[in-house]
$ cat final17.cif   # mmCIF, C-alpha atoms
data_coords
#
loop_
_atom_site.label_atom_id
_atom_site.label_comp_id
_atom_site.auth_asym_id
_atom_site.auth_seq_id
_atom_site.Cartn_x
_atom_site.Cartn_y
_atom_site.Cartn_z
CA MET V 1 90.45 -60.32 -183.13
CA GLY V 2 88.45 -58.04 -180.87
CA ILE V 3 86.70 -59.19 -177.72
CA LYS V 4 85.37 -62.73 -177.96
CA ASN V 5 81.99 -63.65 -176.53
CA THR V 6 82.28 -65.59 -173.28
CA GLY V 7 78.66 -66.36 -172.43
CA LYS V 8 78.82 -64.21 -169.28
CA LEU V 9 75.72 -62.26 -170.30
CA ALA V 10 73.63 -65.37 -171.02
CA GLY V 11 70.19 -64.93 -169.47
CA LYS V 12 70.91 -61.35 -168.42
CA THR V 13 68.36 -58.70 -169.42
CA LEU V 14 69.62 -55.52 -171.09
CA PHE V 15 67.43 -52.43 -171.52
CA ILE V 16 69.01 -50.39 -174.35
CA THR V 17 67.68 -46.98 -175.38
CA GLY V 18 68.10 -45.96 -179.00
CA ALA V 19 68.86 -49.56 -179.99
CA SER V 20 67.13 -49.67 -183.36
CA ARG V 21 70.35 -48.76 -185.18
CA GLY V 22 73.97 -47.71 -184.78
CA ILE V 23 75.95 -48.24 -181.59
CA GLY V 24 72.90 -49.26 -179.55
CA LYS V 25 72.05 -52.05 -181.99
CA ALA V 26 75.69 -53.20 -182.19
CA ILE V 27 75.78 -53.57 -178.38
CA ALA V 28 72.44 -55.43 -178.51
CA LEU V 29 73.78 -57.91 -181.07
CA LYS V 30 77.01 -58.48 -179.12
CA ALA V 31 75.01 -59.34 -175.99
CA ALA V 32 72.59 -61.46 -178.03
CA ARG V 33 75.46 -63.72 -179.10
CA ASP V 34 75.80 -64.64 -175.41
CA GLY V 35 72.12 -65.52 -175.25
CA ALA V 36 71.06 -62.34 -173.46
CA ASN V 37 67.56 -60.85 -173.32
CA VAL V 38 67.50 -57.46 -175.02
CA VAL V 39 64.85 -54.75 -174.72
CA ILE V 40 65.02 -52.58 -177.85
CA ALA V 41 63.71 -49.27 -176.47
CA ALA V 42 63.59 -46.73 -179.28
CA LYS V 43 61.25 -44.42 -181.16
CA THR V 44 61.40 -45.93 -184.64
CA ALA V 45 58.44 -48.26 -185.10
CA GLU V 46 57.83 -47.40 -188.76
CA PRO V 47 60.62 -47.31 -191.38
CA HIS V 48 62.29 -43.90 -191.53
CA PRO V 49 62.75 -42.38 -195.01
CA LYS V 50 66.42 -41.59 -194.37
CA LEU V 51 67.52 -43.90 -191.55
CA PRO V 52 67.86 -47.68 -191.56
CA GLY V 53 66.09 -50.02 -189.16
CA THR V 54 63.18 -50.11 -186.74
CA ILE V 55 62.73 -51.62 -183.29
CA TYR V 56 61.24 -54.67 -185.03
CA THR V 57 64.08 -55.24 -187.50
CA ALA V 58 66.59 -54.81 -184.67
CA ALA V 59 64.64 -57.31 -182.54
CA ALA V 60 64.69 -59.82 -185.42
CA GLU V 61 68.47 -59.43 -185.69
CA VAL V 62 68.87 -59.95 -181.94
CA GLU V 63 66.91 -63.19 -182.10
CA ALA V 64 68.82 -64.35 -185.19
CA ALA V 65 72.05 -63.75 -183.23
CA GLY V 66 70.91 -66.04 -180.42
CA GLY V 67 69.22 -63.68 -177.96
CA LYS V 68 65.66 -62.97 -176.94
CA ALA V 69 64.20 -59.59 -177.87
CA LEU V 70 61.44 -57.27 -176.76
CA PRO V 71 60.84 -54.28 -179.07
CA CYS V 72 59.28 -51.30 -177.24
CA VAL V 73 58.30 -47.93 -178.66
CA VAL V 74 59.98 -45.50 -176.27
CA ASP V 75 60.66 -41.79 -176.38
CA VAL V 76 62.91 -41.25 -173.35
CA ARG V 77 61.29 -37.84 -172.83
CA ASP V 78 57.99 -39.55 -172.04
CA GLU V 79 57.77 -40.81 -168.43
CA ALA V 80 54.71 -42.96 -169.12
CA ALA V 81 56.35 -44.63 -172.14
CA VAL V 82 59.52 -45.33 -170.16
CA ARG V 83 57.59 -46.86 -167.25
CA SER V 84 55.45 -48.93 -169.62
CA ALA V 85 58.50 -50.35 -171.42
CA ILE V 86 60.22 -51.20 -168.14
CA LYS V 87 57.07 -52.95 -166.92
CA SER V 88 56.88 -54.92 -170.16
CA ALA V 89 60.53 -55.91 -169.81
CA VAL V 90 60.05 -57.10 -166.23
CA ASP V 91 56.85 -58.95 -167.13
CA LYS V 92 58.57 -60.77 -170.00
CA PHE V 93 62.06 -61.39 -168.60
CA GLY V 94 61.58 -61.17 -164.83
CA GLY V 95 63.81 -58.17 -164.19
CA ILE V 96 66.48 -55.85 -165.59
CA ASP V 97 70.20 -56.43 -165.04
CA ILE V 98 71.81 -53.89 -167.35
CA LEU V 99 70.80 -50.44 -168.59
CA ILE V 100 72.49 -48.86 -171.60
CA ASN V 101 71.69 -45.14 -171.93
CA ASN V 102 72.48 -44.75 -175.61
CA ALA V 103 69.64 -42.55 -176.94
CA SER V 104 70.99 -39.12 -177.74
CA ALA V 105 70.30 -35.96 -179.72
CA ILE V 106 73.00 -33.83 -181.29
CA SER V 107 73.23 -30.30 -182.68
CA MET V 108 76.83 -29.09 -182.77
CA THR V 109 76.00 -25.44 -183.15
CA PRO V 110 77.45 -22.31 -181.51
CA THR V 111 75.30 -20.41 -179.05
CA GLU V 112 73.78 -17.87 -181.45
CA GLN V 113 72.85 -20.59 -183.95
CA THR V 114 71.27 -22.92 -181.37
CA GLU V 115 67.49 -22.68 -181.47
CA MET V 116 65.89 -23.21 -178.08
CA LYS V 117 63.84 -26.13 -179.42
CA ARG V 118 67.17 -27.82 -180.27
CA TYR V 119 68.56 -26.95 -176.85
CA ASP V 120 65.47 -28.43 -175.19
CA LEU V 121 65.59 -31.55 -177.37
CA MET V 122 69.21 -32.30 -176.45
CA HIS V 123 68.73 -31.70 -172.75
CA ASN V 124 65.44 -33.58 -172.59
CA ILE V 125 66.85 -36.64 -174.36
CA ASN V 126 70.47 -36.65 -173.23
CA SER V 127 70.64 -35.58 -169.60
CA ARG V 128 66.98 -35.75 -168.52
CA GLY V 129 66.25 -38.94 -170.46
CA THR V 130 69.30 -40.67 -169.01
CA PHE V 131 68.32 -39.63 -165.49
CA LEU V 132 64.70 -40.70 -165.99
CA VAL V 133 65.41 -44.16 -167.44
CA SER V 134 68.10 -44.81 -164.81
CA LYS V 135 65.73 -43.75 -162.02
CA GLU V 136 62.94 -46.03 -163.25
CA CYS V 137 65.26 -49.03 -163.75
CA LEU V 138 66.89 -48.73 -160.32
CA PRO V 139 64.39 -50.87 -158.34
CA TYR V 140 65.16 -53.79 -160.67
CA LEU V 141 68.91 -53.14 -160.90
CA LYS V 142 69.01 -53.32 -157.10
CA LYS V 143 67.47 -56.81 -157.24
CA SER V 144 70.00 -58.03 -159.80
CA ASN V 145 73.28 -59.66 -158.85
CA HIS V 146 74.86 -58.01 -161.91
CA GLY V 147 73.48 -54.45 -161.95
CA HIS V 148 75.15 -52.19 -164.52
CA ILE V 149 74.37 -48.73 -165.87
CA LEU V 150 76.43 -47.75 -168.90
CA ASN V 151 76.05 -44.27 -170.39
CA LEU V 152 77.45 -43.48 -173.81
CA SER V 153 78.88 -40.17 -172.75
CA PRO V 154 82.29 -38.47 -172.60
CA PRO V 155 84.93 -38.08 -169.90
CA LEU V 156 84.33 -35.06 -167.67
CA THR V 157 87.04 -32.50 -168.37
CA LEU V 158 86.60 -28.75 -168.04
CA ASN V 159 88.60 -27.96 -171.15
CA PRO V 160 87.05 -24.80 -172.65
CA GLU V 161 87.73 -26.21 -176.13
CA TRP V 162 84.90 -28.70 -175.70
CA PHE V 163 82.46 -25.96 -174.70
CA ALA V 164 83.34 -23.07 -176.99
CA ARG V 165 82.03 -24.47 -180.28
CA ASN V 166 78.85 -26.19 -179.08
CA VAL V 167 78.12 -25.35 -175.47
CA ALA V 168 74.50 -26.55 -175.54
CA TYR V 169 75.44 -30.03 -176.82
CA THR V 170 78.38 -30.29 -174.44
CA MET V 171 76.21 -29.41 -171.45
CA SER V 172 73.70 -32.10 -172.39
CA LYS V 173 76.32 -34.83 -172.86
CA TYR V 174 78.16 -33.83 -169.69
CA GLY V 175 74.80 -34.15 -167.93
CA MET V 176 74.87 -37.85 -168.86
CA SER V 177 78.42 -38.13 -167.55
CA MET V 178 77.49 -36.39 -164.30
CA CYS V 179 74.82 -39.07 -163.83
CA VAL V 180 77.68 -41.60 -163.96
CA LEU V 181 79.73 -39.66 -161.44
CA GLY V 182 76.84 -39.30 -159.01
CA MET V 183 75.13 -42.67 -159.42
CA ALA V 184 78.36 -44.66 -159.16
CA GLU V 185 78.85 -43.28 -155.68
CA GLU V 186 75.17 -43.20 -154.71
CA PHE V 187 74.57 -46.85 -155.56
CA ARG V 188 77.97 -48.30 -154.68
CA LYS V 189 76.41 -49.75 -151.53
CA ASP V 190 73.83 -51.55 -153.67
CA GLY V 191 76.46 -53.17 -155.88
CA ILE V 192 75.26 -51.30 -158.98
CA ALA V 193 77.95 -50.11 -161.37
CA ALA V 194 77.67 -46.84 -163.28
CA ASN V 195 80.23 -46.24 -166.02
CA ALA V 196 80.62 -44.15 -169.17
CA LEU V 197 81.97 -45.20 -172.55
CA TRP V 198 83.04 -42.89 -175.38
CA PRO V 199 84.81 -43.49 -178.71
CA ALA V 200 88.33 -42.25 -179.36
CA LYS V 201 87.71 -41.98 -183.10
CA LEU V 202 84.54 -41.20 -185.03
CA ILE V 203 82.05 -44.05 -185.33
CA HIS V 204 80.18 -44.38 -188.61
CA THR V 205 76.58 -43.72 -187.58
CA ALA V 206 73.64 -41.77 -188.97
CA ALA V 207 74.68 -38.80 -186.81
CA VAL V 208 78.21 -38.80 -188.24
CA ASP V 209 76.81 -38.96 -191.77
CA MET V 210 74.51 -36.05 -190.93
CA ILE V 211 77.38 -33.90 -189.65
CA HIS V 212 80.14 -34.88 -192.06
CA GLY V 213 78.17 -35.85 -195.17
CA ASP V 214 78.88 -38.56 -197.70
CA GLY V 215 82.20 -40.32 -197.40
CA ALA V 216 82.33 -40.24 -193.59
CA GLU V 217 83.19 -43.94 -193.58
CA THR V 218 86.64 -43.08 -194.98
CA PHE V 219 87.65 -41.59 -191.61
CA SER V 220 85.43 -43.59 -189.23
CA ARG V 221 85.31 -46.88 -187.39
CA THR V 222 82.42 -49.33 -187.25
CA ALA V 223 80.11 -49.50 -184.25
CA GLU V 224 81.58 -52.92 -183.40
CA ILE V 225 84.48 -51.30 -181.52
CA MET V 226 81.99 -49.71 -179.12
CA ALA V 227 80.05 -52.97 -178.84
CA ASP V 228 83.21 -54.88 -177.93
CA ALA V 229 84.24 -52.23 -175.39
CA ALA V 230 80.75 -52.17 -173.86
CA TYR V 231 80.74 -55.96 -173.65
CA ALA V 232 84.08 -55.94 -171.82
CA ILE V 233 82.69 -53.47 -169.26
CA LEU V 234 79.40 -55.30 -168.79
CA CYS V 235 81.16 -58.60 -168.11
CA LYS V 236 83.05 -57.08 -165.17
CA ASP V 237 81.99 -57.32 -161.53
CA PRO V 238 79.76 -54.27 -160.91
CA ARG V 239 80.99 -54.06 -157.32
CA THR V 240 84.56 -53.38 -158.42
CA CYS V 241 84.17 -51.72 -161.84
CA THR V 242 82.24 -48.50 -161.31
CA GLY V 243 82.67 -44.74 -161.71
CA ASN V 244 84.91 -45.06 -164.77
CA PHE V 245 84.99 -42.93 -167.91
CA PHE V 246 86.23 -45.39 -170.48
CA ILE V 247 87.56 -44.61 -173.97
CA ASP V 248 86.90 -47.53 -176.30
CA GLU V 249 90.36 -48.11 -177.76
CA ASP V 250 92.17 -47.56 -174.45
CA LEU V 251 89.92 -50.11 -172.76
CA LEU V 252 90.37 -52.67 -175.54
CA ARG V 253 94.14 -52.33 -175.40
CA ALA V 254 93.98 -52.90 -171.65
CA GLU V 255 91.94 -56.03 -172.40
CA GLY V 256 94.73 -57.31 -174.68
CA VAL V 257 93.42 -56.27 -178.10
CA THR V 258 96.53 -55.17 -179.99
CA ASP V 259 95.19 -54.76 -183.52
CA LEU V 260 92.38 -52.23 -183.90
CA SER V 261 92.52 -52.11 -187.69
CA GLU V 262 89.60 -54.53 -188.04
CA TYR V 263 87.31 -51.82 -186.69
CA SER V 264 88.06 -49.36 -189.51
CA CYS V 265 85.19 -49.02 -191.97
CA ILE V 266 87.79 -49.22 -194.73
CA PRO V 267 90.53 -51.78 -193.93
CA GLY V 268 93.99 -50.27 -193.88
CA ASN V 269 92.65 -46.75 -193.39
CA GLU V 270 93.66 -46.45 -189.74
CA GLN V 271 95.90 -43.42 -190.34
CA ASN V 272 92.97 -41.38 -191.69
CA LEU V 273 90.65 -41.85 -188.70
CA ARG V 274 89.47 -38.65 -187.04
CA PHE V 275 89.34 -38.09 -183.30
CA CYS V 276 85.94 -37.79 -181.70
CA ILE V 277 84.90 -34.63 -179.88
CA PHE V 278 85.81 -34.62 -176.15
CA VAL V 279 88.89 -36.82 -176.73
CA ASP V 280 92.39 -35.46 -176.14
CA PRO V 281 94.78 -37.09 -178.65
CA ASN V 282 97.56 -36.64 -176.08
CA ARG V 283 95.69 -38.27 -173.19
CA SER V 284 97.51 -40.83 -171.12
CA LYS V 285 96.45 -44.35 -172.05
CA LEU V 286 95.18 -46.93 -169.58
#
$ encode --input "final17.cif" --output "structure tokens"
Amino acid sequence: MGIKNTGKLAGKTLFITGASRGIGKAIALKAARDGANVVIAAKTAEPHPKLPGTIYTAAAEVEAAGGKALPCVVDVRDEAAVRSAIKSAVDKFGGIDILINNASAISMTPTEQTEMKRYDLMHNINSRGTFLVSKECLPYLKKSNHGHILNLSPPLTLNPEWFARNVAYTMSKYGMSMCVLGMAEEFRKDGIAANALWPAKLIHTAAVDMIHGDGAETFSRTAEIMADAAYAILCKDPRTCTGNFFIDEDLLRAEGVTDLSEYSCIPGNEQNLRFCIFVDPNRSKL
């Protein structure tokens, strides 16, 4: 039955970008069940006509799950907004222990169909936003005895297949992964972990619905598999678990989870799940 809560994140402060819905919110709720403090750093303050949830509804769910919440309106492209949210988090909770870089923009278009405003949006949110929020959180992560950076980004492999169909998106997501590669080594001496996590199979989120249309849940998993995998990483010693590019199901199997069927949106539909981009079905397992 998945990864059970252990209480290891009790009292820890997590700063999660894009946490008003989807994977970010699922990670927030998993940590909240330990009694963690969660900063919901996202753009959605008013209800969106097509997307569920706001920073305030997510914060209410975090508190109902047993955590403490701080909703902050944050566009990760905006340096002032990022700094303000981090200051608010430190003022309220006394520091930051864990950063989850989850906010992301996606446009899986070939080169000729990629408008430059879409290119700029992806790079400004994905790679630049990740770098900016990490940079601004570092003074507080250095003070923590459990400093973790976790980027929701793919393994770094130079397989042309992952570039050919959507080079602009791939570059932006690999930028997030390169932050992991560089920061894991740069801040090893400070005891700060930097890791990446990516799903093996599609996760049913607003982005997946946007790309695949109605019925995407028939070949997708719930965000809880990513939340459980993230939780397993964040409970590890940051001094010994760093510089890894984790795939959710491989990590969970290594943690002793043998039945992944509970994560399917439709129980018993495991055989119909589709692989996520950037994942080699023939990869060697952990």
$ resolve_selection --input "final17.cif" --expression "the PyMOL selection byres ((chain V and resi 134) around 12)" --output "PDB file with C-alpha atoms, in the coordinates of the input"
ATOM      1  CA  PHE V  15      67.430 -52.430-171.520  1.00  0.00           C
ATOM      2  CA  ILE V  16      69.010 -50.390-174.350  1.00  0.00           C
ATOM      3  CA  THR V  17      67.680 -46.980-175.380  1.00  0.00           C
ATOM      4  CA  VAL V  76      62.910 -41.250-173.350  1.00  0.00           C
ATOM      5  CA  GLU V  79      57.770 -40.810-168.430  1.00  0.00           C
ATOM      6  CA  VAL V  82      59.520 -45.330-170.160  1.00  0.00           C
ATOM      7  CA  ARG V  83      57.590 -46.860-167.250  1.00  0.00           C
ATOM      8  CA  ILE V  86      60.220 -51.200-168.140  1.00  0.00           C
ATOM      9  CA  ILE V  96      66.480 -55.850-165.590  1.00  0.00           C
ATOM     10  CA  ASP V  97      70.200 -56.430-165.040  1.00  0.00           C
ATOM     11  CA  ILE V  98      71.810 -53.890-167.350  1.00  0.00           C
ATOM     12  CA  LEU V  99      70.800 -50.440-168.590  1.00  0.00           C
ATOM     13  CA  ILE V 100      72.490 -48.860-171.600  1.00  0.00           C
ATOM     14  CA  ASN V 101      71.690 -45.140-171.930  1.00  0.00           C
ATOM     15  CA  ASN V 102      72.480 -44.750-175.610  1.00  0.00           C
ATOM     16  CA  ASN V 126      70.470 -36.650-173.230  1.00  0.00           C
ATOM     17  CA  SER V 127      70.640 -35.580-169.600  1.00  0.00           C
ATOM     18  CA  ARG V 128      66.980 -35.750-168.520  1.00  0.00           C
ATOM     19  CA  GLY V 129      66.250 -38.940-170.460  1.00  0.00           C
ATOM     20  CA  THR V 130      69.300 -40.670-169.010  1.00  0.00           C
ATOM     21  CA  PHE V 131      68.320 -39.630-165.490  1.00  0.00           C
ATOM     22  CA  LEU V 132      64.700 -40.700-165.990  1.00  0.00           C
ATOM     23  CA  VAL V 133      65.410 -44.160-167.440  1.00  0.00           C
ATOM     24  CA  LYS V 135      65.730 -43.750-162.020  1.00  0.00           C
ATOM     25  CA  GLU V 136      62.940 -46.030-163.250  1.00  0.00           C
ATOM     26  CA  CYS V 137      65.260 -49.030-163.750  1.00  0.00           C
ATOM     27  CA  LEU V 138      66.890 -48.730-160.320  1.00  0.00           C
ATOM     28  CA  PRO V 139      64.390 -50.870-158.340  1.00  0.00           C
ATOM     29  CA  TYR V 140      65.160 -53.790-160.670  1.00  0.00           C
ATOM     30  CA  LEU V 141      68.910 -53.140-160.900  1.00  0.00           C
ATOM     31  CA  LYS V 142      69.010 -53.320-157.100  1.00  0.00           C
ATOM     32  CA  GLY V 147      73.480 -54.450-161.950  1.00  0.00           C
ATOM     33  CA  HIS V 148      75.150 -52.190-164.520  1.00  0.00           C
ATOM     34  CA  ILE V 149      74.370 -48.730-165.870  1.00  0.00           C
ATOM     35  CA  LEU V 150      76.430 -47.750-168.900  1.00  0.00           C
ATOM     36  CA  ASN V 151      76.050 -44.270-170.390  1.00  0.00           C
ATOM     37  CA  MET V 176      74.870 -37.850-168.860  1.00  0.00           C
ATOM     38  CA  CYS V 179      74.820 -39.070-163.830  1.00  0.00           C
ATOM     39  CA  VAL V 180      77.680 -41.600-163.960  1.00  0.00           C
ATOM     40  CA  GLY V 182      76.840 -39.300-159.010  1.00  0.00           C
ATOM     41  CA  MET V 183      75.130 -42.670-159.420  1.00  0.00           C
ATOM     42  CA  ALA V 184      78.360 -44.660-159.160  1.00  0.00           C
ATOM     43  CA  PHE V 187      74.570 -46.850-155.560  1.00  0.00           C
ATOM     44  CA  ILE V 192      75.260 -51.300-158.980  1.00  0.00           C
ATOM     45  CA  ALA V 193      77.950 -50.110-161.370  1.00  0.00           C
ATOM     46  CA  ALA V 194      77.670 -46.840-163.280  1.00  0.00           C
TER      47      ALA V 194
END
$ closest_residue --input "final17.cif" --among "V:Thr205, V:Thr240, V:Thr218, V:Thr114" --to "Arg274 of chain V" --atoms "only C-alpha atoms"
V:Thr218
$ resolve_selection --input "final17.cif" --expression "the PyMOL selection byres ((chain V and resi 161) around 12)" --output "VMD selection string"
chain V and resid 157 to 160 162 to 167 170 277 to 280
$ atom_distance --input "final17.cif" --atom1 "atom CA of Ala32 of chain V" --atom2 "atom CA of Arg221 of chain V"
21.5 Å
$ closest_residue --input "final17.cif" --among "V:Ala58, V:Ile247, V:Ala223, V:Leu252" --to "Ala200 of chain V" --atoms "all atoms listed in the file"
V:Ile247
